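Here the structure comes first, spelled out in structure tokens, and everything after it is commentary.
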Amino acid sequence: MDTTFDGMPDGRLYLAGDWRVGTGAEITSVFPADGSVNRVLKGASRADGEEAIARAKTAQADPVWLGLKPHERARYLYAIADGIEANINRISQIQTRDTGKTLRETAALAASAAGTFRYFGAVVETMDEDLTVQRGTALTMSVHEPLGIVAAITPWNSPIASDAQKVAPALAAGNAVILKPASWSPLTALELARIVDEAGLPKGLFSVLPGSGREIGNLLVEHPDIARVSFTGGTTTGRALARQAADKLMPVSLELGGKSPTIVFEDADQDQALAGILFGIFSSSGQSCIAGSRLFVQKGIYDSFVPRLVEATKRLKVGHPFDADTQVAPLIHMDHREDVAAHVTCAVKDGATLLCGGHAPEGEAFAKGSYYLPTILADVKNTDRICREEVFGPVLVVMPFEDEADVIAQSNDNDYGLACGIWTRDFPKAWRIGRAIRSGTIWHNTYKQFSISTPFGGEADSGVGREKGRQGLRAYMAQKSFYTDLTGQMHPWAAATVEGL
Ligand code: NAP
């Protein structure tokens with residue numbers, strides 16, 4: 001266990017290229033494994049936010065940035081990717097202390113963030129503009145331009161990865177970006193700012209402003225100079241933000257919550273399914289928007305499959321995030337653990353049977369951390385609160401199903417539509433089910449796999465818009481149609497009127 005790391009960001013904000021002590025309310029970053037304080041910092045105030053926006057506006061319009069060709073902008077993205085790669089261990093240490101995630105997971109998230117910057121550098125320098133099919137006397141083109149200033153608002157569960165998913169395409173598209181990280185995990189984004197700064201991005205184009213969602217988040221949504229908000233977070237916050245955005249007719253992308261179904265058919269490879277289900281719900285301690293939190297097991301195998309699942313769950317290694325063999329680390333915060341525990345208590349009151357977990361682990365090693373045991377609940381109905389509400393913790397509900405029609409109906413009977421796992425050896429069946437389920441992503445015989453080249457996003461209460469993929473760049477651009485005359489002739493409508501004047 002490494003307790004010697006002393007490279008935590010000092011807590012100053014990154015305001016338009018300057019390191020500054022914020023003038024807003026205090027924010028405390030706590031190490032969830034033992035409650036020790038990583039850093040107390042002053043967050044951004046409204047005035048800090050307004051200054052960052054004004055300076056971003058100037059920097060974005062400067063020909064030094066606006067005049068760059070796509071391949072020239074791409075160089076900055078590659079430099080940021082190199083900087084992240086060179087600092088993976090450092091980022092991983094910071095993020096683990098900021099969030100309680102295992103070092104193994106945070107190193108993987110940092111590596112994926114580097115990949116995201118590299119990918120969008122490559123996309124912007126290879127994405128063609130369109131010469132559209134000519135139907136009249138003009139040459140017609142469709143081209144894309146930066147929007148201006150983009151605000152990225154991110155949650156605490158995977159900071160460096162979700163930050164990169166927004167910052168990389170937004171910068172690649174030629175915008176300025178203001179990033180507001182979640183108050184429970186402010187430090188990882190400040191480390192990203194250090195790397196962006198070292199990559200030499202012109203001053204003013206990037207700010208990282210930790211601060212309260214109500215104050216700085218609201219300012220970013222309402223301000224007339226913010227052209228787009230890219231938001232990842234809870235559905236309630238996302239819905240409120242979309243209402244505000246509607247007032248100024250601003251486009252928003254919303255990556256929100258989930259209550260994703262995982263389906264195990266009788267013909268599945270059961271060991272493969274077991275391992276995938278455990279990973280799908282209990283990795284990241286269940287604090288994952290795409291967590292497979294509603295499990296449907298076909299009736300014929302329910303009585304044999306569920307006890308094996310419970311046994312395997314009890315074997316998961318709950319432990320310190322620095323330990324290499326830890327599978328389930330602490331939750332982000334004591335308040336969040338209380339919230340998760342309250343969901344379980346309510347479910348049991350509503351009639352659910354607790355098959356395992358349902359409380360914090362015992363022992364000295366866990367006493368000060370916000371740990372919670374992997375938990376499975378049975379004897380629930382798909383309409384119960386515990387099957388409808390996102391818990392965002394290591395809590396799985398299991399239910400039997402009869403056949404394809406039954407599981408499609410039950411899976412779709414939910415407000416969310418983010419992800420779905422299907423375990424079967426029968427591909428045509430997986431195809432039928434996958435196409436019938438309302439969900440942004442389907443995983444067949446796998447779960448929680450991601451690729452930056454494959455679009456990601458939700459349906460219904462899980463959000464609006466898609467991130468990643470080549471088209472992910474276009475979300476941060478304004479499309480413009482350009483017509484240029486090829487005839488050199490006067491328009492016939494007024495030619496006679498003009499002739500002889
Ligand atoms: P949250 O409470 O909605 O907060 C998300 C971000 O919004 C934070 O930076 C927060 O700042 C800010 N915020 C809060 N109120 C705001 C307001 N009025 N205006 C503007 N910004 C505001 O979500 P969370 O608890 O951090 O994250 C967990 C949620 O994120 C879960 O529901 C999870 O499913 C979802 N999530 C979705 C995805 C996806 O891709 N679909 C990925 C990861 C997480 P403060 O921290 O200062 O309050």
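A note on labels: chains of the structure tokens are A, B, ... as shown, every chain counts residues from 1, and ligands are counted from 1 in their shown order.
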Please produce, as CSV, a per-residue contact table for chain A versus ligand 1 (criterion: any atom at most 6 Å away, only C-alpha atoms and all ligand atoms considered), showing the nearest atom pair and its distance in Å to one decimal, sorted by chain then residue number.
residue,atom,partner,partner_atom_place_in_ligand_line,distance
A:Ile153,CA,ligand 1,9 (O),5.2
A:Thr154,CA,ligand 1,9 (O),4.7
A:Pro155,CA,ligand 1,26 (O),3.5
A:Trp156,CA,ligand 1,26 (O),5.0
A:Lys180,CA,ligand 1,9 (O),5.8
A:Pro181,CA,ligand 1,9 (O),4.7
A:Ala182,CA,ligand 1,9 (O),3.4
A:Ser183,CA,ligand 1,46 (O),3.9
A:Trp184,CA,ligand 1,46 (O),5.9
A:Gly211,CA,ligand 1,47 (O),5.6
A:Ser212,CA,ligand 1,47 (O),3.7
A:Gly213,CA,ligand 1,13 (N),3.5
A:Arg214,CA,ligand 1,18 (N),4.4
A:Gly217,CA,ligand 1,20 (C),3.5
A:Asn218,CA,ligand 1,19 (N),4.3
A:Thr232,CA,ligand 1,37 (C),5.1
A:Gly233,CA,ligand 1,30 (O),3.1
A:Gly234,CA,ligand 1,32 (O),3.4
A:Thr235,CA,ligand 1,32 (O),6.0
A:Thr237,CA,ligand 1,3 (O),4.6
A:Leu241,CA,ligand 1,19 (N),5.9
A:Glu255,CA,ligand 1,41 (N),3.6
A:Leu256,CA,ligand 1,41 (N),3.9
A:Gly257,CA,ligand 1,34 (O),3.1
A:Gly258,CA,ligand 1,34 (O),5.5
A:Ser288,CA,ligand 1,43 (C),5.9
A:Cys289,CA,ligand 1,34 (O),3.5
> Residues at most 10 Å from region 417-422 of chain A, counting only C-alpha atoms, excluding those fewer than 4 positions away in the same chain, as a PyMOL selection string?
Replying inline: chain A and resi 255-265+268+273+276-277+280+289-296+411-413+427+429-431+433-434+437-448+456-463
> Can you list, as number ranges by chain, every protein, DNA or RNA residue that comes within 8 Å of region 124-127 of chain A when you count only C-alpha atoms, leaving out same-chain residues fewer than 4 positions away?
Replying inline: A: 70-71, 74, 120, 172-173, 470, 473
> With distances taken over only C-alpha atoms, which of A:Ser230, A:Val398, A:Leu354, A:Thr383 is nearest to Ser253 (chain A)?
Replying inline: A:Ser230
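Note that CA of Ala367 (chain A) and CA of Pro321 (chain A) are 14.6 Å apart.
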>> For the structure I just gave you, how does DSSP split region 233-302 of chain A - specifically, which residues are strand (DSSP E)? Reply as a PyMOL selection string.
In response: chain A and resi 252-255+261-264+294-298
> Using the chain letters and numbers from this document, which residues of region 163-407 of chain A does DSSP assign to helix (DSSP H, G or I), as a PyMOL selection string?
Replying inline: chain A and resi 163-172+187-198+213-222+235-247+270-286+299-315+334-349+364-366+385-388+404-407
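Each of A:Thr102, A:Thr375, A:Gln165, A:Thr236 was checked against Thr326 (chain A) using only C-alpha atoms; the smallest atom-to-atom distance is that of A:Thr102.
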>> Please list as a ChimeraX atom specification every residue within 10 Å of Arg90 (chain A), counting only C-alpha atoms and excluding residues in the same chain fewer than 6 positions away.
In response: /A:5-8,84,96,107,110,188,191
>> Residues near Gly115 (chain A), anyone? I mean within 8 Å using only C-alpha atoms, not counting same-chain ones fewer than 3 positions away, as a PyMOL selection string.
In response: chain A and resi 81+111-112+118-119+452
Selection export as a compact mmCIF listing (two decimals), in the first residue's frame, atoms kept: all heavy atoms:
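The new file out21.txt reads:
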# COMPACT_ATOMS: atom_id res chain seq x y z
N ALA A 81 -2.78 13.98 -24.79
CA ALA A 81 -2.78 12.51 -24.64
C ALA A 81 -1.42 12.03 -24.14
O ALA A 81 -1.34 11.20 -23.22
CB ALA A 81 -3.12 11.85 -25.98
N ALA A 111 -5.74 5.81 -18.68
CA ALA A 111 -5.30 5.34 -19.99
C ALA A 111 -6.41 5.58 -21.03
O ALA A 111 -6.14 5.98 -22.17
CB ALA A 111 -4.93 3.86 -19.93
N SER A 112 -7.65 5.37 -20.62
CA SER A 112 -8.74 5.56 -21.58
C SER A 112 -8.91 7.05 -21.90
O SER A 112 -9.24 7.42 -23.03
CB SER A 112 -10.05 4.94 -21.07
OG SER A 112 -10.80 5.88 -20.35
N ARG A 118 -6.42 11.24 -28.00
CA ARG A 118 -5.76 10.82 -29.24
C ARG A 118 -6.80 10.57 -30.34
O ARG A 118 -6.64 10.96 -31.48
CB ARG A 118 -4.96 9.53 -28.97
CG ARG A 118 -3.72 9.41 -29.82
CD ARG A 118 -2.87 8.23 -29.41
NE ARG A 118 -2.18 8.39 -28.15
CZ ARG A 118 -1.21 9.27 -27.90
NH1 ARG A 118 -0.81 10.09 -28.82
NH2 ARG A 118 -0.64 9.33 -26.71
N TYR A 119 -7.88 9.91 -29.95
CA TYR A 119 -8.92 9.57 -30.93
C TYR A 119 -9.52 10.84 -31.54
O TYR A 119 -9.64 10.95 -32.77
CB TYR A 119 -10.02 8.74 -30.24
CG TYR A 119 -11.19 8.39 -31.12
CD1 TYR A 119 -11.11 7.30 -32.00
CD2 TYR A 119 -12.36 9.13 -31.09
CE1 TYR A 119 -12.19 6.98 -32.82
CE2 TYR A 119 -13.43 8.81 -31.90
CZ TYR A 119 -13.34 7.74 -32.76
OH TYR A 119 -14.40 7.42 -33.56
N ILE A 452 -14.08 3.99 -27.49
CA ILE A 452 -14.27 5.41 -27.82
C ILE A 452 -14.81 5.58 -29.24
O ILE A 452 -15.45 6.57 -29.57
CB ILE A 452 -12.96 6.20 -27.60
CG1 ILE A 452 -13.15 7.71 -27.81
CG2 ILE A 452 -11.83 5.69 -28.49
CD1 ILE A 452 -14.09 8.36 -26.86
>> Between CA of Thr23 (chain A) and CA of Asp225 (chain A), what distance in Å does the model show, to one decimal?
In response: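 Straight-line distance from CA of Thr23 (chain A) to CA of Asp225 (chain A) works out to 21.6 Å.
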>> Which residues are near Gln60 (chain A)? Cut-off 12 Å, only C-alpha atoms, ignore same chain within fewer than 6 positions. Put them as a PyMOL selection string.
In response: chain A and resi 16+52-54+66-68+146-150+170-171+173-178+201-206+225-226
>> Report, in Å to a single decimal, how far apart CA of Leu179 (chain A) and CA of Pro251 (chain A) are.
In response: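 A separation of 16.8 Å between them.
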> Neighbours of Val252 (chain A) within 9 Å (only C-alpha atoms; same-chain residues fewer than 3 positions away dropped), as a PyMOL selection string?
Replying inline: chain A and resi 228-231+241-242+245+464-465
Write a file of the just-selected residues containing N, CA, C and O atoms, as a tab-separated table (two decimals), in the first residue's frame.
chain	number	residue	atom	x	y	z
A	228	ARG	N	-23.13	25.68	-25.49
A	228	ARG	CA	-23.61	24.31	-25.33
A	228	ARG	C	-23.18	23.80	-23.97
A	228	ARG	O	-22.09	24.12	-23.50
A	229	VAL	N	-24.06	22.98	-23.35
A	229	VAL	CA	-23.66	22.31	-22.11
A	229	VAL	C	-23.67	20.82	-22.37
A	229	VAL	O	-24.64	20.27	-22.92
A	230	SER	N	-22.56	20.20	-22.01
A	230	SER	CA	-22.49	18.75	-22.08
A	230	SER	C	-22.49	18.26	-20.64
A	230	SER	O	-21.57	18.54	-19.87
A	231	PHE	N	-23.55	17.56	-20.26
A	231	PHE	CA	-23.77	17.21	-18.85
A	231	PHE	C	-23.78	15.71	-18.65
A	231	PHE	O	-24.42	14.98	-19.41
A	241	LEU	N	-31.70	21.14	-15.68
A	241	LEU	CA	-30.75	21.85	-16.56
A	241	LEU	C	-31.35	22.01	-17.98
A	241	LEU	O	-31.23	23.07	-18.60
A	242	ALA	N	-32.03	20.97	-18.45
A	242	ALA	CA	-32.62	21.03	-19.79
A	242	ALA	C	-33.71	22.11	-19.85
A	242	ALA	O	-33.86	22.80	-20.87
A	245	ALA	N	-31.96	25.35	-20.15
A	245	ALA	CA	-31.35	25.46	-21.48
A	245	ALA	C	-32.41	25.82	-22.52
A	245	ALA	O	-32.14	26.55	-23.47
A	464	VAL	N	-30.22	12.35	-23.39
A	464	VAL	CA	-30.43	12.85	-24.74
A	464	VAL	C	-29.06	13.06	-25.37
A	464	VAL	O	-28.19	13.68	-24.76
A	465	GLY	N	-28.87	12.57	-26.58
A	465	GLY	CA	-27.61	12.80	-27.30
A	465	GLY	C	-26.66	11.63	-27.16
A	465	GLY	O	-26.89	10.71	-26.37
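Shortest separation to Thr116 (chain A) among A:Ala436, A:Val21, A:Leu209, A:Leu77 occurs at residue A:Leu77, atoms counted being only C-alpha atoms.
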>> My list of candidates is A:Gly286, A:Gly49, A:Pro210, A:Gly472. Which is closest to Lys166 (chain A) when distances are computed with only C-alpha atoms?
In response: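 Between A:Gly286, A:Gly49, A:Pro210, A:Gly472, the residue approaching Lys166 (chain A) most closely is A:Gly472.
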